[in-house]
Every structure is written in structure tokens, then in C-alpha cells.
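**Q** Structure provided below as C-alpha cells; questions to follow.
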Amino acid sequence: MNRSGAHPNLLSAFDVGPVRLRNRLVSTSHQTSLVHDHLPTDDLLAYHEARARGGVGAIFLEATAVDAAGLLTAHTIGGFLPEIVPVYRRLGEALRAHGARLFVQLNHGGREQISSAPRGPTGAPSAIPSLRFKCEPRALTLREIDELIDGYATCTRHARQGGLDGIEVSVSHGYLPAQFLSPSSNRRRDRYGGALLARLRFTLEVLAAVRDAAGPGLAVGARLSADELAPGGLDLEAGGEIAAALQDSGLVDFISLVLGHSAYPSASTWIAPPPPARANAIAEPAAAIRAATPGATLIATTRVVDLADAEALIASGTADLVGMTRALIAEPELLAKTVAGREREVIECVGCNQSCIGHYHAGLPIGCAVNPRTGRERSMSVPARAPGRRGRRVLVIGAGPAGAAAALQAAQAGDTVTVLEREDEIGGQLRIAGLAPAHRELWDRYRRSTGARLRSAGVSVELSAPADAGLAADFDLVVLATGARPYEPLLSGAPGPAMRQAWEAIVDPASLTAPVLVADWGGGWDGLDAAERLAEAGVAVTLACAAPVPGETLHQYQRNLYLARLDRRTISILHHTELAIETGRVTLRHVFSGRELPMPPVQTLVLAQGRVPDDGLWAELERHPGAVRAGDVLGPRTLEEAVLEGTLAVSA
């Protein structure tokens, strides 16, 4: 029952070909790495079952290879394996028990291969190297093309035998069918190359084979990049032509629209764009495709993070279904909680990419920086007060991500929780990072969601409240979550420009005397945010970065956007350059050659040289039998570790 009364269009049933969905919210195909020997694991079943239980209309299983040569990584599902059939059956039965339908995306990487060595050879329409993953393919022969089309048909038969509800063929993101479509990757002179209709031949032959193998009971569709946003790639006009041709072919029941291209660094960002990429980014491209295909069933997905935006896409007729995949990664019960009037309990996606697609690119199982249960559904249940359990008195010192996570976990288990925060707001370092363009939306979403959840859980949060070790005596459990502070290298005695910490520059950039050099060891966000905040305030700034690439530890899509903005602001970058003291003076040094470099004529030197634990209270607190530490106070790391450790610190 929709107690909130909101989102009536999103919550209405809809037919996709022969398959009826209970509502129009879908979890679109995304890689989880919850795969072993190219088969889904019990962890993958539990992951998707949580989202089916949470109310989505359909779940699209991740990109599933149609041929061994098309496996993107060692953790890609092999749809060509006969052993997949009983696994499909288990997955489908589990999801349909909660009212959700199960589709699978069939994919072939073509020249794209993400896995590490030893790599197999790759084939593509033409022998054109791929920039991002540095793949160098051979041109597929006509016989090989026929074999691949047969592979799509075999995988479809496996899906039908496994009782799935539908097939989505990936014609997006620069993978094999899209490589045939684009003149930048297809220079063939046979029937698969030349004009658009010829370049579309491979896709249409694949869809015909899939349609024939699927039979009448399965929905069949295609995922298409509405705009590849790549140099020389397929633009929105071409996307409209291709979508219209797919619709006119009569082979598809739906078209799923995305953005981006896997082979180009800047275009790859749009596969899962983090803030400050515009929210609801798919809306305008989807509207253009709708104009070209007025009768098509369209799924729109790419940075739709709010249910209100999903409702608007459907109410306007722009799309028929909406994918909110990262929002559902963070909160599998997004729909269920909202329609039950429990919006204050929703965990909002903050768009960091750190543990979802970031884990995939690192070869790790999927996770979520703000929801530690994502990917751990079988081992980490939501806490519930056990009958007869006496609640503990819990003190949490610090209301950053680790402290907030600990407080929420303890309160949900029935403990009485008090949080002391010395600043006038929760959030810790996120509060500082939230002043910069890269993290403003992240901070707004984190602050809103976490604050609402703390209030809903009945946690007492005392702000501007410094703590001392003596307070611990009145509590059964004490969690020290005081975070970290900037590292201060031994430079203060050396002559040179005035020195300030990056956090100070982020908070008050106008107070620094220009010109400014930001000395960034390359470990993360603070040096980049300081440089961008200074430039935003009109302060002349140069960034000296010691890492092989600025923002070395950040997820590549976030880093791509940083580097684009720094370039647009004409911020000079001194690459591979670290701070040093030479003959009693502060200077610069090339990290690899050791060559001394002249210090530019600057008035202020901003230090972004890492962090150290802010653990001054621990020496006294550790005598308390119930004292634990969580997050950066144990050792500075990221949002993901802080939330996970805070949660585990109070788990009984």
C-alpha cells in the first residue's frame, strides 16, 4: 500500500512485451563481481533478493558474456555455460517470490577487456587499438561473426530454459555491437561496414537470433548509448537514428538508454557519473530519443538518484521505466520505505562511486560506502532488538561517518546512544570536503540522510560538545571515532612562503595570499579540493603533485571530472613533484629522478601531505573495558572503511 500517496506513475504496473512488471522502477545491469568460475554465487542471489524484497519491478542481471572471448573480467558471468541454467532458475524463483521479474543482459566486450594478465586476444570489427584499456584487437572474420551470433542464440536458449523473463542485448558503451555501429571503430569494407544500415547489420542479426531463440514468452530489448559523448563517437542524432531503426525492425520490446563509451577516459565517466555531473543526466537525451521513437518502450537510466525525478520522467512521457541502480545499491528498500512513509530511514546514495563500480574496477565484490550491508547481505543482517536483551548505554565520541554508523547500528539494536561532537555539525571531514565542487552534492545527501536516520533511530546527538575520558565511566560501551587531522611535515623552521593546511584553504580560500602553490602528495581529495576552491575564489594557484597521477587513490570517474575542471580553470600542474628541504630551505624535487626543482614565486604554500589519527583521548580511554576505536582514528582511510568499522564496532 502506498501510504505516502507519492509517485503514482512510477508505482503503476507496466507490460514489457509479454512480461508484466508490478511497477516501473528497475535495477539495471551492473557488475557485482559476486561471481565464481563465471557463475553467480549465493552472495549474488542474496544481493538481488534484497532489492526484489525492497519492491523493484525488475532486476537486470549483470553483463553476461556470450562467448569466452567476450569475458570482460575473471568475474564475468558466462551465459554460454550450460551450468548457468539451474542457477538462472534459482535466481528467478527467488526474485519472483518477492514480486520482481528477472532479465539478463547479454554482452560481448569485443576489443574491450578489463581483466589483468594473462589477457586473451580480442576481436573487433576492425583492428583499431582501444585507448582506455590499451587493448589491441584483430579484425573478426565473417566466420567468427557467425559464431558470435550463434553464441547469442545459445545464451538466449539457456536463459529461456532457466525460466528468465527477458533478454537485453548490450548495444551500448562501446562494446562489440556498438563497435560495429561506430565509424571510429568499424572500417570494414564488407557487408558489415560502410553506411549506417550496414554497420547496424550485426546488431540486427544478433537481435533476430535472440528473438528466434527466446520464443514468445520472453521480452527482448537492447541497451543503447543515446549519446556516447566520445571524440568521433555516436552523438545524439545518430542515437536517434539507431533507436528508430531498432524499433522499426520489430525485433525489440524495449530500448534501454544510457550515456557514455568505455574506450575513452572522459566518455567512460558517463557510464556511472559521480557528482558534480548533473543529476538526472539521461532526461534530455531520453527526450530526444523519445521524439525519434514515439512508439517505443524506453528505459532511462544514468544518474537518476531521486524517486521524484523518476516519477517526472514517466509522468512527462520521456520514459516508460526508470533505472535507479546506484540508489538501489545504497538502499535496496528505497521504494518499500518510501511508500510505507518511512522516508527518514532511507540511506541516500551520495554518488561517490567508491565501493560500487570502484570495487568492480579493482576486481572486488560490490559494496557501498554508505551501506556496509551491500554485497554482504548473507553475513550482515539489519540489527533488531533481541527479546529479553537489555540495551547497553553507548557513548560515541565523534559524529563523523564512523561515529554516525556506530550510533545507528547500536540504536537499531535497542541500545541507548549518546553522541558527542566537538564541532557544530555532524560529518567530520565530509563537512570540509563538502565546501568544494566535487563533494557538495555528496555532503548535502550524506548530511540530510544521516541526520534524518539518527533522529529516526532516537540517537541523542550533542553538538559543540567536547569530550573527555572521564565521561566513559557512565557507559557500557564507548566508541572513539574522532577521525584524523592533517599531517604536518617538519618544514616550519625553514625559510620560504607562509604555510597553510589544505583544509584551511578549502574552508577559507580568500584568506590566503596569492599566488599559492598547493603541495599535494597525491593521496586523495584534499589537495585537489584546495586547488579548485582557491581557483573558484579567484586566487592564482599552482598544483604540485607527487603522485604518478593527481588523485591517485580516487575512483577514476571522479578523478576524470577533477582533471577536466582543473584544466578548464587553467590550473597549472607540476607533475611528479614533492616538497623537500634542501640546504635549510623549502624546495621541490622530482619524485623519480630526485632532481631539485625551483620553487615558483609564491606567497603561500598549502600543504596536502596526508593525515594522522586524532587519537589524543585513546591513552586514557583504552583502560575502559568497553572502549573501541573505529574509522580514521585507527588509521586514516576512506568513507567506506569508516562506515564499515563504525558498524562493526558495536555489533554484538
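In the C-alpha cells, chains take the letters A, B, ... in the order shown, each chain's residues start at 1, and ligands count up from 1 in the order shown.
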Could you list, with a cut-off of 7 Å and counting only C-alpha atoms, the residues of range 230-310 of chain A near range 170-194 of chain A, each shown with its nearest atom pair and the distance in Å rounded to one decimal, rows sorted by chain and ascending number, as a Markdown table?
**A**
| residue | atom | partner | partner_atom | distance |
| --- | --- | --- | --- | --- |
| A:Gly232 | CA | A:Ser184 | CA | 6.2 |
| A:Gly233 | CA | A:Ser182 | CA | 6.4 |
| A:Leu234 | CA | A:Ser182 | CA | 6.3 |
| A:Gly260 | CA | A:His173 | CA | 5.6 |
| A:His261 | CA | A:His173 | CA | 4.1 |
| A:Ser262 | CA | A:His173 | CA | 5.3 |
| A:Ala263 | CA | A:Gly174 | CA | 6.5 |
**Q** May I have the selected residues written with C-alpha atoms, as a PDB file, in the first residue's frame?
**A**
ATOM      1  CA  GLY A 232      34.289  10.870 -33.040  1.00  0.00           C
ATOM      2  CA  GLY A 233      31.662   8.731 -31.347  1.00  0.00           C
ATOM      3  CA  LEU A 234      27.944   8.362 -31.969  1.00  0.00           C
ATOM      4  CA  GLY A 260      28.957   7.141 -22.410  1.00  0.00           C
ATOM      5  CA  HIS A 261      31.612   4.969 -24.025  1.00  0.00           C
ATOM      6  CA  SER A 262      34.042   2.577 -22.341  1.00  0.00           C
ATOM      7  CA  ALA A 263      37.056   3.207 -24.581  1.00  0.00           C
TER       8      ALA A 263
END
**Q** How would you write, as a PDB file with all heavy atoms, in the first residue's frame, the set of residues in range 595-636 of chain A that DSSP gives as helix (DSSP H, G or I)?
**A**
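Writing done, so here's selection-v8.pdb:
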ATOM      1  N   TRP A 618      42.712   8.409  23.389  1.00  0.00           N
ATOM      2  CA  TRP A 618      42.744   6.954  23.489  1.00  0.00           C
ATOM      3  C   TRP A 618      43.617   6.452  24.643  1.00  0.00           C
ATOM      4  O   TRP A 618      43.304   5.431  25.268  1.00  0.00           O
ATOM      5  CB  TRP A 618      43.220   6.329  22.180  1.00  0.00           C
ATOM      6  CG  TRP A 618      43.185   4.815  22.235  1.00  0.00           C
ATOM      7  CD1 TRP A 618      44.230   3.965  22.181  1.00  0.00           C
ATOM      8  CD2 TRP A 618      42.017   4.001  22.385  1.00  0.00           C
ATOM      9  NE1 TRP A 618      43.812   2.664  22.266  1.00  0.00           N
ATOM     10  CE2 TRP A 618      42.440   2.662  22.400  1.00  0.00           C
ATOM     11  CE3 TRP A 618      40.656   4.278  22.516  1.00  0.00           C
ATOM     12  CZ2 TRP A 618      41.554   1.595  22.531  1.00  0.00           C
ATOM     13  CZ3 TRP A 618      39.764   3.213  22.647  1.00  0.00           C
ATOM     14  CH2 TRP A 618      40.210   1.896  22.662  1.00  0.00           C
ATOM     15  N   ALA A 619      44.686   7.141  24.956  1.00  0.00           N
ATOM     16  CA  ALA A 619      45.578   6.672  26.027  1.00  0.00           C
ATOM     17  C   ALA A 619      44.833   6.456  27.334  1.00  0.00           C
ATOM     18  O   ALA A 619      45.121   5.513  28.082  1.00  0.00           O
ATOM     19  CB  ALA A 619      46.721   7.677  26.221  1.00  0.00           C
ATOM     20  N   GLU A 620      43.840   7.302  27.616  1.00  0.00           N
ATOM     21  CA  GLU A 620      43.040   7.119  28.826  1.00  0.00           C
ATOM     22  C   GLU A 620      41.834   6.214  28.587  1.00  0.00           C
ATOM     23  O   GLU A 620      41.476   5.409  29.444  1.00  0.00           O
ATOM     24  CB  GLU A 620      42.562   8.477  29.339  1.00  0.00           C
ATOM     25  CG  GLU A 620      43.677   9.402  29.823  1.00  0.00           C
ATOM     26  CD  GLU A 620      43.125  10.716  30.332  1.00  0.00           C
ATOM     27  OE1 GLU A 620      42.455  10.699  31.380  1.00  0.00           O
ATOM     28  OE2 GLU A 620      43.346  11.743  29.659  1.00  0.00           O
ATOM     29  N   LEU A 621      41.248   6.329  27.440  1.00  0.00           N
ATOM     30  CA  LEU A 621      40.030   5.558  27.175  1.00  0.00           C
ATOM     31  C   LEU A 621      40.283   4.061  27.078  1.00  0.00           C
ATOM     32  O   LEU A 621      39.405   3.253  27.387  1.00  0.00           O
ATOM     33  CB  LEU A 621      39.385   6.027  25.868  1.00  0.00           C
ATOM     34  CG  LEU A 621      38.461   7.234  25.927  1.00  0.00           C
ATOM     35  CD1 LEU A 621      37.937   7.541  24.526  1.00  0.00           C
ATOM     36  CD2 LEU A 621      37.291   6.991  26.873  1.00  0.00           C
ATOM     37  N   GLY A 631      37.235   3.808  12.428  1.00  0.00           N
ATOM     38  CA  GLY A 631      37.466   4.820  11.419  1.00  0.00           C
ATOM     39  C   GLY A 631      38.872   5.375  11.425  1.00  0.00           C
ATOM     40  O   GLY A 631      39.830   4.695  11.810  1.00  0.00           O
ATOM     41  N   ASP A 632      39.013   6.633  11.034  1.00  0.00           N
ATOM     42  CA  ASP A 632      40.324   7.240  10.836  1.00  0.00           C
ATOM     43  C   ASP A 632      41.150   7.342  12.103  1.00  0.00           C
ATOM     44  O   ASP A 632      42.374   7.483  12.028  1.00  0.00           O
ATOM     45  CB  ASP A 632      40.167   8.638  10.222  1.00  0.00           C
ATOM     46  CG  ASP A 632      39.837   8.586   8.746  1.00  0.00           C
ATOM     47  OD1 ASP A 632      39.759   7.475   8.191  1.00  0.00           O
ATOM     48  OD2 ASP A 632      39.648   9.662   8.133  1.00  0.00           O
ATOM     49  N   VAL A 633      40.521   7.287  13.255  1.00  0.00           N
ATOM     50  CA  VAL A 633      41.289   7.338  14.500  1.00  0.00           C
ATOM     51  C   VAL A 633      42.171   6.097  14.639  1.00  0.00           C
ATOM     52  O   VAL A 633      43.167   6.107  15.371  1.00  0.00           O
ATOM     53  CB  VAL A 633      40.342   7.507  15.715  1.00  0.00           C
ATOM     54  CG1 VAL A 633      39.608   6.207  16.024  1.00  0.00           C
ATOM     55  CG2 VAL A 633      41.091   8.014  16.945  1.00  0.00           C
TER      56      VAL A 633
END
**Q** When distances are computed from only C-alpha atoms, which of A:Val382, A:Leu607, A:Leu142, A:Val396 shows the smallest separation from Thr418 in chain A?
**A**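 Ranked by minimum distance to Thr418 in chain A, first place goes to A:Val396.
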**Q** What is the CA of Leu307 in chain A to CA of Glu93 in chain A distance in Å?
**A**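 Pair CA of Leu307 in chain A / CA of Glu93 in chain A returns 27.3 Å.
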**Q** Determine, counting only C-alpha atoms, which protein, DNA and RNA residues have an atom within 8 Å of an atom of Ser449 in chain A; residues of the same chain fewer than 4 positions away are not included. Present the result as a list in words.
**A**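 The filter keeps Arg344, Glu345, Val346, Ile347, Glu348, Arg445 and Arg453 of chain A.
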**Q** Write out, as a PDB file, in the first residue's frame, the residues just selected, with N, CA and C atoms.
**A**
ATOM      1  N   ARG A 344      12.469   8.816   6.294  1.00  0.00           N
ATOM      2  CA  ARG A 344      13.585   9.231   7.163  1.00  0.00           C
ATOM      3  C   ARG A 344      14.589   8.102   7.387  1.00  0.00           C
ATOM      4  N   GLU A 345      14.204   6.870   7.058  1.00  0.00           N
ATOM      5  CA  GLU A 345      15.107   5.739   7.245  1.00  0.00           C
ATOM      6  C   GLU A 345      15.910   5.406   5.990  1.00  0.00           C
ATOM      7  N   VAL A 346      15.641   6.100   4.899  1.00  0.00           N
ATOM      8  CA  VAL A 346      16.305   5.791   3.624  1.00  0.00           C
ATOM      9  C   VAL A 346      17.781   6.183   3.674  1.00  0.00           C
ATOM     10  N   ILE A 347      18.639   5.270   3.223  1.00  0.00           N
ATOM     11  CA  ILE A 347      20.065   5.562   3.055  1.00  0.00           C
ATOM     12  C   ILE A 347      20.243   6.134   1.653  1.00  0.00           C
ATOM     13  N   GLU A 348      20.576   7.399   1.556  1.00  0.00           N
ATOM     14  CA  GLU A 348      20.723   8.025   0.245  1.00  0.00           C
ATOM     15  C   GLU A 348      22.073   7.708  -0.385  1.00  0.00           C
ATOM     16  N   ARG A 445      23.706  15.229   0.522  1.00  0.00           N
ATOM     17  CA  ARG A 445      22.955  13.980   0.633  1.00  0.00           C
ATOM     18  C   ARG A 445      23.325  13.227   1.907  1.00  0.00           C
ATOM     19  N   ARG A 453      18.254   9.808   9.689  1.00  0.00           N
ATOM     20  CA  ARG A 453      18.311   8.447  10.234  1.00  0.00           C
ATOM     21  C   ARG A 453      18.668   8.450  11.714  1.00  0.00           C
TER      22      ARG A 453
END
**Q** Name the residues of range 386-541 of chain A that come out as strand (DSSP E or B) in a backbone DSSP run; write them as a PyMOL selection string.
**A** chain A and resi 393-397+416-420+460-462+477-480+484-486+498-501+516-520+541
**Q** Nearest to Gly524 in chain A among A:Ala52, A:Ile242, A:Ala547, A:Val419, with distances taken over only C-alpha atoms: which residue is it?
**A**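 Using only C-alpha atoms, the shortest distance to Gly524 in chain A belongs to A:Ala547.
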**Q** Identify which of the residues A:Pro625, A:Gly55, A:Leu259, A:Ile573 lies closest to Thr338 in chain A, counting only C-alpha atoms when measuring atom-to-atom distances.
**A**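 Among A:Pro625, A:Gly55, A:Leu259, A:Ile573, it is A:Gly55 that comes nearest to Thr338 in chain A.
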**Q** Calculated over only C-alpha atoms, which of the candidates A:Gly57, A:Gly414, A:Gly151, A:Gly217 has the smallest distance to Ala336 in chain A?
**A** A:Gly57
**Q** Glu311 in chain A: which residues within 7 Å, counting only C-alpha atoms, same-chain residues fewer than 4 positions away excluded, as a VMD selection string?
**A** chain A and resid 7 9 to 10 307 315
**Q** Pick the closest to Cys352 in chain A from A:Ala277, A:Ala402, A:Ala505, A:Leu543: which is it, counting only C-alpha atoms?
**A** A:Ala277
**Q** What's around Ala74 in chain A at 12 Å? Count only C-alpha atoms, leave out sequence neighbours fewer than 5 positions away in its own chain, and write the answer as a PyMOL selection string.
**A** chain A and resi 31-39+64-65+68-69+113-120+360-365
**Q** Mind giving me the straight-line distance from CA of Pro125 in chain A to CA of Ala139 in chain A in Å, one decimal?
**A**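 Atom-to-atom, CA of Pro125 in chain A to CA of Ala139 in chain A, that is 5.3 Å.
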**Q** Using only C-alpha atoms, which residue out of A:His48, A:Arg326, A:His575, A:Arg201 lies closest to Glu377 in chain A?
**A**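 Ranked by minimum distance to Glu377 in chain A, first place goes to A:His48.
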